[in-house]
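Student: Structure file structure_17.tsv (TSV, C-alpha atoms) right here:
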```
chain	number	residue	atom	x	y	z
Q	927	MET	CA	-10.79	21.41	16.23
Q	928	SER	CA	-11.81	20.67	12.64
Q	929	GLN	CA	-9.28	19.34	10.19
Q	930	SER	CA	-7.99	21.19	7.18
Q	931	ASP	CA	-8.90	20.05	3.68
Q	932	PRO	CA	-7.72	16.41	3.62
Q	933	THR	CA	-6.76	16.63	-0.06
Q	934	SER	CA	-4.23	19.38	0.70
Q	935	LEU	CA	-1.51	17.88	2.86
Q	936	PRO	CA	1.36	19.84	4.39
Q	937	PRO	CA	4.78	18.19	4.39
Q	938	GLY	CA	5.80	16.43	7.57
Q	939	LYS	CA	8.36	14.06	9.04
Q	940	VAL	CA	5.84	11.43	10.15
Q	941	ALA	CA	3.61	9.92	7.49
Q	942	VAL	CA	1.72	7.45	9.68
Q	943	ARG	CA	1.28	7.58	13.46
Q	944	CYS	CA	-0.54	4.77	15.29
Q	945	LYS	CA	-0.97	4.89	19.05
Q	946	GLY	CA	-2.83	2.17	20.93
Q	947	VAL	CA	-4.74	1.12	17.80
Q	948	THR	CA	-7.23	-1.69	18.31
Q	949	LYS	CA	-9.52	-3.55	15.93
Q	950	THR	CA	-12.23	-5.97	17.00
Q	951	PHE	CA	-14.20	-8.19	14.64
Q	952	GLY	CA	-17.57	-9.50	15.77
Q	953	THR	CA	-19.41	-8.91	19.04
Q	954	GLY	CA	-20.13	-10.65	22.28
Q	955	ASP	CA	-18.86	-14.20	22.62
Q	956	ASN	CA	-17.80	-14.12	18.96
Q	957	ALA	CA	-15.63	-11.01	19.30
Q	958	PHE	CA	-12.04	-11.32	18.14
Q	959	LEU	CA	-9.43	-8.69	18.96
Q	960	ALA	CA	-7.18	-8.59	15.89
Q	961	LEU	CA	-5.19	-5.49	16.89
Q	962	ARG	CA	-4.32	-5.17	20.57
Q	963	GLY	CA	-2.89	-1.69	20.99
Q	964	VAL	CA	-0.54	-1.07	18.06
Q	965	ASP	CA	2.06	1.67	18.42
Q	966	LEU	CA	3.93	2.49	15.20
Q	967	GLU	CA	5.30	5.45	13.30
Q	968	VAL	CA	6.23	5.45	9.62
Q	969	ARG	CA	8.47	8.26	8.50
Q	970	THR	CA	8.39	10.13	5.24
Q	971	GLY	CA	11.06	8.96	2.82
Q	972	GLU	CA	11.24	5.43	4.20
Q	973	LEU	CA	10.23	1.92	3.23
Q	974	LEU	CA	9.00	0.06	6.30
Q	975	MET	CA	8.44	-3.69	6.09
Q	976	LEU	CA	5.95	-5.38	8.40
Q	977	VAL	CA	6.76	-9.01	9.18
Q	978	GLY	CA	5.35	-11.69	11.43
Q	979	PRO	CA	3.48	-15.00	11.40
Q	980	SER	CA	0.22	-15.48	9.51
Q	981	GLY	CA	-2.76	-14.27	11.52
Q	982	CYS	CA	-0.80	-11.82	13.66
Q	983	GLY	CA	-2.72	-8.78	12.36
Q	984	LYS	CA	-0.47	-7.41	9.61
Q	985	THR	CA	-3.13	-7.15	6.92
Q	986	THR	CA	-5.64	-5.76	9.41
Q	987	LEU	CA	-3.19	-3.05	10.43
Q	988	ILE	CA	-2.38	-1.88	6.93
Q	989	SER	CA	-6.10	-1.97	6.07
Q	990	VAL	CA	-6.73	0.41	8.98
Q	991	VAL	CA	-3.84	2.63	7.85
Q	992	ALA	CA	-5.17	2.70	4.28
Q	993	GLY	CA	-8.72	3.45	5.39
Q	994	VAL	CA	-10.12	0.14	4.15
Q	995	LEU	CA	-11.12	-0.81	7.73
Q	996	ARG	CA	-12.20	1.48	10.57
Q	997	ARG	CA	-10.25	1.02	13.76
Q	998	SER	CA	-12.11	0.18	16.96
Q	999	GLY	CA	-9.96	2.28	19.29
Q	1000	GLY	CA	-6.73	4.21	19.71
Q	1001	GLU	CA	-5.34	6.93	17.48
Q	1002	CYS	CA	-4.21	6.74	13.85
Q	1003	THR	CA	-3.25	9.67	11.65
Q	1004	ILE	CA	-2.10	9.67	8.04
Q	1005	PHE	CA	-0.15	12.84	7.26
Q	1006	ASP	CA	-1.86	14.37	10.32
Q	1007	HIS	CA	-5.35	13.39	9.15
Q	1008	ASP	CA	-7.69	10.97	10.91
Q	1009	TYR	CA	-10.22	8.96	8.91
Q	1010	LEU	CA	-12.62	8.92	11.86
Q	1011	LYS	CA	-12.79	12.72	11.75
Q	1012	MET	CA	-13.62	12.83	8.04
Q	1013	ALA	CA	-17.00	12.57	6.38
Q	1014	GLU	CA	-17.39	9.56	4.09
Q	1015	GLN	CA	-16.89	11.61	0.93
Q	1016	GLU	CA	-13.77	13.24	2.39
Q	1017	THR	CA	-12.34	9.81	3.21
Q	1018	THR	CA	-13.00	8.61	-0.33
Q	1019	ARG	CA	-11.33	11.68	-1.83
Q	1020	PHE	CA	-8.38	11.43	0.56
Q	1021	ARG	CA	-7.75	7.77	-0.20
Q	1022	GLY	CA	-8.21	8.29	-3.93
Q	1023	LYS	CA	-5.61	11.04	-4.03
Q	1024	HIS	CA	-3.05	10.08	-1.39
Q	1025	ILE	CA	-3.17	6.29	-0.83
Q	1026	GLY	CA	-2.05	3.46	-3.12
Q	1027	PHE	CA	-2.95	-0.08	-1.98
Q	1028	VAL	CA	-1.66	-3.35	-3.44
Q	1029	PHE	CA	-4.08	-6.04	-2.29
Q	1030	GLN	CA	-2.84	-9.59	-1.84
Q	1031	ALA	CA	-5.83	-10.80	-3.88
Q	1032	PHE	CA	-5.06	-8.14	-6.55
Q	1033	ASN	CA	-8.76	-7.01	-6.78
Q	1034	LEU	CA	-8.55	-6.38	-10.52
Q	1035	ILE	CA	-11.75	-5.75	-12.48
Q	1036	PRO	CA	-12.17	-8.77	-14.81
Q	1037	THR	CA	-14.14	-6.89	-17.48
Q	1038	LEU	CA	-11.38	-4.30	-17.99
Q	1039	THR	CA	-8.03	-4.66	-19.75
Q	1040	ALA	CA	-4.79	-4.38	-17.81
Q	1041	ALA	CA	-4.35	-0.79	-19.00
Q	1042	GLU	CA	-7.94	0.11	-18.05
Q	1043	ASN	CA	-7.48	-1.41	-14.60
Q	1044	VAL	CA	-4.36	0.66	-14.00
Q	1045	SER	CA	-6.06	3.83	-15.28
Q	1046	ALA	CA	-8.95	3.53	-12.79
Q	1047	PRO	CA	-7.43	5.69	-9.98
Q	1048	LEU	CA	-6.70	8.48	-12.49
Q	1049	VAL	CA	-10.23	8.40	-13.90
Q	1050	ILE	CA	-11.67	8.46	-10.37
Q	1051	ASN	CA	-9.55	11.55	-9.67
Q	1052	GLY	CA	-11.03	13.32	-12.69
Q	1053	MET	CA	-8.56	12.67	-15.51
Q	1054	LYS	CA	-10.02	12.10	-18.97
Q	1055	ARG	CA	-10.11	8.44	-19.96
Q	1056	LYS	CA	-7.69	8.61	-22.91
Q	1057	GLU	CA	-5.09	10.54	-20.94
Q	1058	ALA	CA	-5.52	8.18	-17.99
Q	1059	VAL	CA	-5.00	5.10	-20.17
Q	1060	ASP	CA	-1.87	6.69	-21.70
Q	1061	HIS	CA	-0.43	7.22	-18.20
Q	1062	ALA	CA	-1.42	3.67	-17.28
Q	1063	ARG	CA	0.42	2.26	-20.28
Q	1064	GLU	CA	3.57	4.18	-19.28
Q	1065	MET	CA	3.40	2.68	-15.79
Q	1066	LEU	CA	2.81	-0.82	-17.16
Q	1067	HIS	CA	5.90	-0.46	-19.33
Q	1068	LYS	CA	7.86	0.25	-16.14
Q	1069	VAL	CA	6.73	-3.07	-14.63
Q	1070	GLY	CA	7.69	-5.00	-17.78
Q	1071	PHE	CA	4.47	-5.16	-19.82
Q	1072	ASP	CA	4.48	-4.99	-23.61
Q	1073	ASP	CA	1.66	-3.44	-25.66
Q	1074	ARG	CA	-0.08	-6.77	-26.26
Q	1075	MET	CA	-0.17	-7.66	-22.56
Q	1076	MET	CA	-1.69	-4.29	-21.73
Q	1077	GLU	CA	-4.79	-5.16	-23.77
Q	1078	SER	CA	-5.29	-8.51	-22.00
Q	1079	SER	CA	-7.98	-9.06	-19.41
Q	1080	PRO	CA	-6.88	-10.20	-15.92
Q	1081	ASN	CA	-8.18	-13.72	-16.57
Q	1082	ASP	CA	-5.73	-14.06	-19.47
Q	1083	LEU	CA	-2.73	-13.09	-17.32
Q	1084	SER	CA	-0.62	-15.22	-15.00
Q	1085	GLY	CA	-0.61	-14.60	-11.26
Q	1086	GLY	CA	2.70	-12.75	-11.49
Q	1087	GLN	CA	1.41	-10.59	-14.33
Q	1088	GLN	CA	-1.75	-9.75	-12.39
Q	1089	GLN	CA	0.41	-8.77	-9.44
Q	1090	ARG	CA	2.37	-6.35	-11.61
Q	1091	VAL	CA	-0.89	-4.81	-12.82
Q	1092	ALA	CA	-1.99	-4.35	-9.21
Q	1093	ILE	CA	1.33	-2.69	-8.37
Q	1094	ALA	CA	1.13	-0.38	-11.38
Q	1095	ARG	CA	-2.42	0.59	-10.38
Q	1096	ALA	CA	-1.26	1.48	-6.87
Q	1097	LEU	CA	1.54	3.69	-8.18
Q	1098	VAL	CA	-0.03	5.35	-11.22
Q	1099	HIS	CA	-1.67	8.31	-9.42
Q	1100	ASN	CA	1.55	9.18	-7.59
Q	1101	PRO	CA	0.17	8.73	-4.05
Q	1102	ARG	CA	2.02	9.86	-0.94
Q	1103	LEU	CA	1.53	6.59	0.91
Q	1104	ILE	CA	1.88	3.16	-0.75
Q	1105	VAL	CA	0.61	0.18	1.24
Q	1106	CYS	CA	1.40	-3.29	-0.12
Q	1107	ASP	CA	0.26	-6.73	1.02
Q	1108	GLU	CA	2.78	-9.35	-0.15
Q	1109	PRO	CA	3.66	-7.50	-3.40
Q	1110	THR	CA	6.28	-10.03	-4.55
Q	1111	SER	CA	4.66	-13.30	-3.47
Q	1112	ALA	CA	3.80	-14.35	-7.03
Q	1113	LEU	CA	6.98	-13.02	-8.64
Q	1114	ASP	CA	10.28	-14.71	-9.37
Q	1115	SER	CA	13.37	-13.32	-7.66
Q	1116	GLU	CA	14.56	-11.16	-10.58
Q	1117	THR	CA	11.13	-9.64	-11.25
Q	1118	GLY	CA	10.56	-9.11	-7.53
Q	1119	HIS	CA	13.79	-7.14	-7.24
Q	1120	LYS	CA	12.94	-5.02	-10.28
Q	1121	VAL	CA	9.50	-4.25	-8.85
Q	1122	MET	CA	10.96	-3.28	-5.47
Q	1123	GLU	CA	13.54	-1.05	-7.15
Q	1124	LEU	CA	10.73	0.66	-9.06
Q	1125	MET	CA	8.64	1.07	-5.94
Q	1126	ARG	CA	11.52	2.63	-4.04
Q	1127	GLU	CA	12.21	5.01	-6.91
Q	1128	LEU	CA	8.59	6.10	-7.34
Q	1129	ALA	CA	7.29	5.93	-3.78
Q	1130	LEU	CA	10.16	7.18	-1.66
Q	1131	GLY	CA	10.53	10.71	-2.90
Q	1132	LYS	CA	10.08	13.75	-0.69
Q	1133	ASP	CA	7.23	13.43	1.81
Q	1134	ARG	CA	6.29	9.92	0.71
Q	1135	ALA	CA	6.34	6.57	2.46
Q	1136	LEU	CA	5.91	2.90	1.68
Q	1137	ILE	CA	4.66	0.08	3.93
Q	1138	VAL	CA	5.18	-3.50	2.74
Q	1139	VAL	CA	3.74	-6.59	4.43
Q	1140	THR	CA	5.90	-9.53	3.41
Q	1141	HIS	CA	7.15	-13.01	4.18
Q	1142	ASP	CA	9.65	-12.71	1.30
Q	1143	SER	CA	13.13	-12.54	2.82
Q	1144	ARG	CA	14.56	-11.90	-0.68
Q	1145	ILE	CA	13.38	-8.28	-0.51
Q	1146	PHE	CA	14.39	-7.40	3.07
Q	1147	GLU	CA	17.41	-5.54	1.69
Q	1148	PHE	CA	15.07	-2.86	0.32
Q	1149	ALA	CA	13.75	-1.96	3.80
Q	1150	ASP	CA	14.87	1.04	5.80
Q	1151	ARG	CA	13.28	-0.49	8.89
Q	1152	ILE	CA	11.55	-3.78	9.69
Q	1153	ALA	CA	8.67	-3.85	12.17
Q	1154	ARG	CA	7.90	-7.20	13.78
Q	1155	MET	CA	4.34	-8.06	14.67
Q	1156	GLU	CA	2.90	-10.82	16.82
Q	1157	ASP	CA	-0.54	-11.41	18.36
Q	1158	GLY	CA	-1.90	-8.05	17.23
Q	1159	ARG	CA	0.98	-5.94	18.54
Q	1160	ILE	CA	4.24	-4.49	17.27
Q	1161	THR	CA	6.95	-6.28	19.22
Q	1162	GLY	CA	9.96	-4.41	17.83
Q	1163	VAL	CA	11.29	-2.22	15.04
Q	1164	GLU	CA	14.82	-2.66	13.70
Q	1165	THR	CA	17.07	-1.78	10.80
Q	1166	PRO	CA	17.61	-4.72	8.46
Q	1167	PRO	CA	20.71	-6.84	9.10
Q	1168	ASP	CA	23.22	-7.81	6.44
Q	1169	GLN	CA	21.65	-11.27	6.16
Q	1170	PRO	CA	17.92	-12.02	5.62
Q	1171	VAL	CA	15.82	-12.09	8.77
Q	1172	SER	CA	14.11	-15.39	9.57
Q	1173	ILE	CA	10.34	-15.08	10.11
```
What does this structure look like when you write it as structure tokens?
Tutor:
Amino acid sequence: MSQSDPTSLPPGKVAVRCKGVTKTFGTGDNAFLALRGVDLEVRTGELLMLVGPSGCGKTTLISVVAGVLRRSGGECTIFDHDYLKMAEQETTRFRGKHIGFVFQAFNLIPTLTAAENVSAPLVINGMKRKEAVDHAREMLHKVGFDDRMMESSPNDLSGGQQQRVAIARALVHNPRLIVCDEPTSALDSETGHKVMELMRELALGKDRALIVVTHDSRIFEFADRIARMEDGRITGVETPPDQPVSI
């Protein structure tokens, strides 16, 4: 059965459904199985945090969910759509409209200003440049940027400031699924809490979901559920306790 238009998504209770998802890097004797049969559901209206030791497959999993990597096996649907059943152009359109990704390495374009970096998803989706930059500036204000900082290039910004630009870029086009890799790692406690409050406000409306990979126990309180990962598998999903979880 062919899928419906992937840019027109019906509302649903499950935003992400992974069943037996595997991902192998390399071939033959050099093959490495990074995901070993991941089962996970992310519900609309929730913030799910993914925790576990370095190298356990967290970044690989969210990269598969966001369509940055192609899975090797199993099933994975995003709002009932499967990247492997889409043509390349459909995948690009789907991700550009519905997915926001905060990369751990930020992936900002060094030749563009902060405002221009944040405006990129809007321009890609067809918005005129001036209007896109105006929207980008509004989003940067929400993450604590002043007008002068918005005109700075990434190389002139601190690591924490670059992280806030990356977060603003992921949120600016109002995607239905936000996927974040260590979004508060370069932020102080106060700024990290403000960013998480903003992300909950903007990303957790009706029929939206947020996945956060983190080692930062300071932000566990923002999670609706915490999924634990080890050796390429989900080992358990729990509601956050009153006290920070040790990882």
Student: List the neighbours of Thr1017 (chain Q) out to 12 Å using only C-alpha atoms; skip same-chain residues closer than 5 positions along the sequence, and give me the result as a list of chain:residue names.
Tutor: Q:Asp931, Q:Pro932, Q:Thr933, Q:Ala992, Q:Gly993, Q:Val994, Q:Leu995, Q:Arg996, Q:Ile1004, Q:His1007, Q:Asp1008, Q:Tyr1009, Q:Leu1010, Q:Lys1011, Q:Met1012, Q:Gly1022, Q:Lys1023, Q:His1024, Q:Ile1025
Student: Quick one: distance from CA of Gly978 (chain Q) to CA of Ala1153 (chain Q) in Å, one decimal?
Tutor: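 About the pair CA of Gly978 (chain Q) and CA of Ala1153 (chain Q): they are 8.5 Å apart.
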Student: How many Å lie between CA of Arg1126 (chain Q) and CA of Ala1149 (chain Q), rounded to one decimal?
Tutor: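 Distance reported for this atom pair: 9.4 Å.
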Student: Between Q:Lys984, Q:His1119, Q:His1099, Q:Arg1159, single out the one closest to Met1053 (chain Q), counting only C-alpha atoms.
Tutor: Q:His1099
Student: Rounded to one decimal place, report the CA of Asp1114 (chain Q)-CA of Thr1039 (chain Q) distance in Å.
Tutor: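 Between CA of Asp1114 (chain Q) and CA of Thr1039 (chain Q) the gap is 23.3 Å.
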Student: Could you list, as a VMD selection string, every residue within 9 Å of Ala1096 (chain Q), counting all atoms listed in the file and ignoring same-chain residues fewer than 6 positions away?
Tutor: chain Q and resid 1025 to 1028 1044 1047 1104 to 1106
Student: Q:Val942, Q:Ala1013, Q:Ile1137, Q:Met1076: which is nearest Leu1038 (chain Q), counting all atoms listed in the file?
Tutor: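 Looking at the shortest contact to Leu1038 (chain Q), the residue is Q:Met1076.
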Student: Report the closest atom pair, with its distance in Å rounded to one decimal, for each residue of region 1085-1161 of chain Q that has an atom no farther than 10 Å from region 1069-1075 of chain Q; count only C-alpha atoms, sort by chain and then rising residue number, and write it as CSV.
Tutor:
```
residue,atom,partner,partner_atom,distance
Q:Gln1087,CA,Q:Phe1071,CA,8.3
Q:Gln1089,CA,Q:Val1069,CA,10.0
Q:Arg1090,CA,Q:Val1069,CA,6.2
Q:Val1091,CA,Q:Val1069,CA,8.0
Q:Ile1093,CA,Q:Val1069,CA,8.3
Q:Ala1094,CA,Q:Val1069,CA,7.0
Q:Thr1117,CA,Q:Val1069,CA,8.6
Q:Lys1120,CA,Q:Val1069,CA,7.8
Q:Val1121,CA,Q:Val1069,CA,6.5
Q:Leu1124,CA,Q:Val1069,CA,7.8
Q:Met1125,CA,Q:Val1069,CA,9.8
```
Student: So which one's closest to Pro979 (chain Q), Q:Leu1130, Q:Val964, Q:Val1138, Q:Met1155? Using all atoms listed in the file, please.
Tutor: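 Nearest to Pro979 (chain Q): Q:Met1155.
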Student: May I have the residues within 10 Å of Ala1031 (chain Q) as a list of chain:residue names, using only C-alpha atoms and disregarding those fewer than 4 positions away in the same chain?
Tutor: Q:Gly1085, Q:Gln1088, Q:Gln1089, Q:Ala1092, Q:Asp1107, Q:Glu1108
Student: For a quick check of understanding, using all atoms listed in the file, which of Q:Gly971, Q:Gly1131, Q:Gly1118, Q:Gly983 has the smallest distance to Val947 (chain Q)?
Tutor: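 Selected residue with least distance to Val947 (chain Q): Q:Gly983.
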Student: If we count all atoms listed in the file, what is near Gly999 (chain Q) at a cut-off of 12 Å, once residues fewer than 3 positions away on the same chain are taken out, given as a PyMOL selection string?
Tutor: chain Q and resi 944-950+959-964+990+996+1002+1010
Student: Would you list the contacts of Thr1165 (chain Q) as a list in words, taking every protein, DNA or RNA residue within 7 Å and counting all atoms listed in the file, but skipping same-chain residues closer than 4 positions in sequence?
Tutor: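 So the residues in contact are Asp1150, Arg1151 and Ile1152 of chain Q.
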Student: Write the selection just made, keeping C-alpha atoms, as a PDB file, in the frame of the given file?
Tutor:
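What ended up in selection_25.pdb:
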```
ATOM      1  CA  ASP Q1150      14.870   1.040   5.800  1.00  0.00           C
ATOM      2  CA  ARG Q1151      13.280  -0.490   8.890  1.00  0.00           C
ATOM      3  CA  ILE Q1152      11.550  -3.780   9.690  1.00  0.00           C
TER       4      ILE Q1152
END
```
Student: Between Q:Leu966, Q:Met975, Q:Asp1060, Q:Phe951, which residue has the minimum interatomic distance to Arg997 (chain Q), considering all atoms listed in the file?
Tutor: Q:Phe951
Student: Given the choices Q:Arg1102, Q:Lys1054, Q:Arg1063, Q:Arg1144, which gets closest to Phe1005 (chain Q) if the distance is worked out from only C-alpha atoms?
Tutor: Q:Arg1102
Student: Starting from the sparse input, extend region 1021-1032 of chain Q to N, CA, C and O atoms and give the output as a PDB file, keeping the file's coordinate frame.
Tutor:
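What follows is the written file part_37.pdb:
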```pdb
ATOM      1  N   ARG Q1021      -8.354   9.034   0.201  1.00  0.00           N
ATOM      2  CA  ARG Q1021      -7.750   7.770  -0.200  1.00  0.00           C
ATOM      3  C   ARG Q1021      -7.459   7.764  -1.701  1.00  0.00           C
ATOM      4  O   ARG Q1021      -6.423   7.268  -2.149  1.00  0.00           O
ATOM      5  N   GLY Q1022      -8.394   8.288  -2.491  1.00  0.00           N
ATOM      6  CA  GLY Q1022      -8.210   8.290  -3.930  1.00  0.00           C
ATOM      7  C   GLY Q1022      -7.031   9.117  -4.396  1.00  0.00           C
ATOM      8  O   GLY Q1022      -6.392   8.807  -5.403  1.00  0.00           O
ATOM      9  N   LYS Q1023      -6.704  10.164  -3.638  1.00  0.00           N
ATOM     10  CA  LYS Q1023      -5.610  11.040  -4.030  1.00  0.00           C
ATOM     11  C   LYS Q1023      -4.274  10.649  -3.409  1.00  0.00           C
ATOM     12  O   LYS Q1023      -3.229  10.734  -4.054  1.00  0.00           O
ATOM     13  N   HIS Q1024      -4.296  10.206  -2.140  1.00  0.00           N
ATOM     14  CA  HIS Q1024      -3.050  10.080  -1.390  1.00  0.00           C
ATOM     15  C   HIS Q1024      -2.622   8.662  -1.055  1.00  0.00           C
ATOM     16  O   HIS Q1024      -1.498   8.463  -0.598  1.00  0.00           O
ATOM     17  N   ILE Q1025      -3.492   7.661  -1.241  1.00  0.00           N
ATOM     18  CA  ILE Q1025      -3.170   6.290  -0.830  1.00  0.00           C
ATOM     19  C   ILE Q1025      -3.141   5.368  -2.047  1.00  0.00           C
ATOM     20  O   ILE Q1025      -4.040   5.404  -2.892  1.00  0.00           O
ATOM     21  N   GLY Q1026      -2.110   4.534  -2.134  1.00  0.00           N
ATOM     22  CA  GLY Q1026      -2.050   3.460  -3.120  1.00  0.00           C
ATOM     23  C   GLY Q1026      -1.986   2.136  -2.374  1.00  0.00           C
ATOM     24  O   GLY Q1026      -1.170   1.983  -1.464  1.00  0.00           O
ATOM     25  N   PHE Q1027      -2.860   1.181  -2.716  1.00  0.00           N
ATOM     26  CA  PHE Q1027      -2.950  -0.080  -1.980  1.00  0.00           C
ATOM     27  C   PHE Q1027      -2.792  -1.236  -2.945  1.00  0.00           C
ATOM     28  O   PHE Q1027      -3.537  -1.344  -3.917  1.00  0.00           O
ATOM     29  N   VAL Q1028      -1.819  -2.108  -2.681  1.00  0.00           N
ATOM     30  CA  VAL Q1028      -1.660  -3.350  -3.440  1.00  0.00           C
ATOM     31  C   VAL Q1028      -2.249  -4.474  -2.602  1.00  0.00           C
ATOM     32  O   VAL Q1028      -1.693  -4.870  -1.591  1.00  0.00           O
ATOM     33  N   PHE Q1029      -3.419  -4.968  -3.016  1.00  0.00           N
ATOM     34  CA  PHE Q1029      -4.080  -6.040  -2.290  1.00  0.00           C
ATOM     35  C   PHE Q1029      -3.442  -7.383  -2.614  1.00  0.00           C
ATOM     36  O   PHE Q1029      -3.030  -7.637  -3.745  1.00  0.00           O
ATOM     37  N   GLN Q1030      -3.402  -8.275  -1.616  1.00  0.00           N
ATOM     38  CA  GLN Q1030      -2.840  -9.590  -1.840  1.00  0.00           C
ATOM     39  C   GLN Q1030      -3.647 -10.361  -2.873  1.00  0.00           C
ATOM     40  O   GLN Q1030      -3.105 -11.157  -3.639  1.00  0.00           O
ATOM     41  N   ALA Q1031      -4.961 -10.116  -2.919  1.00  0.00           N
ATOM     42  CA  ALA Q1031      -5.830 -10.800  -3.880  1.00  0.00           C
ATOM     43  C   ALA Q1031      -5.941 -10.034  -5.201  1.00  0.00           C
ATOM     44  O   ALA Q1031      -6.750 -10.394  -6.052  1.00  0.00           O
ATOM     45  N   PHE Q1032      -5.156  -8.972  -5.347  1.00  0.00           N
ATOM     46  CA  PHE Q1032      -5.060  -8.140  -6.550  1.00  0.00           C
ATOM     47  C   PHE Q1032      -6.284  -7.241  -6.741  1.00  0.00           C
ATOM     48  O   PHE Q1032      -6.165  -6.070  -7.042  1.00  0.00           O
TER      49      PHE Q1032
END
```
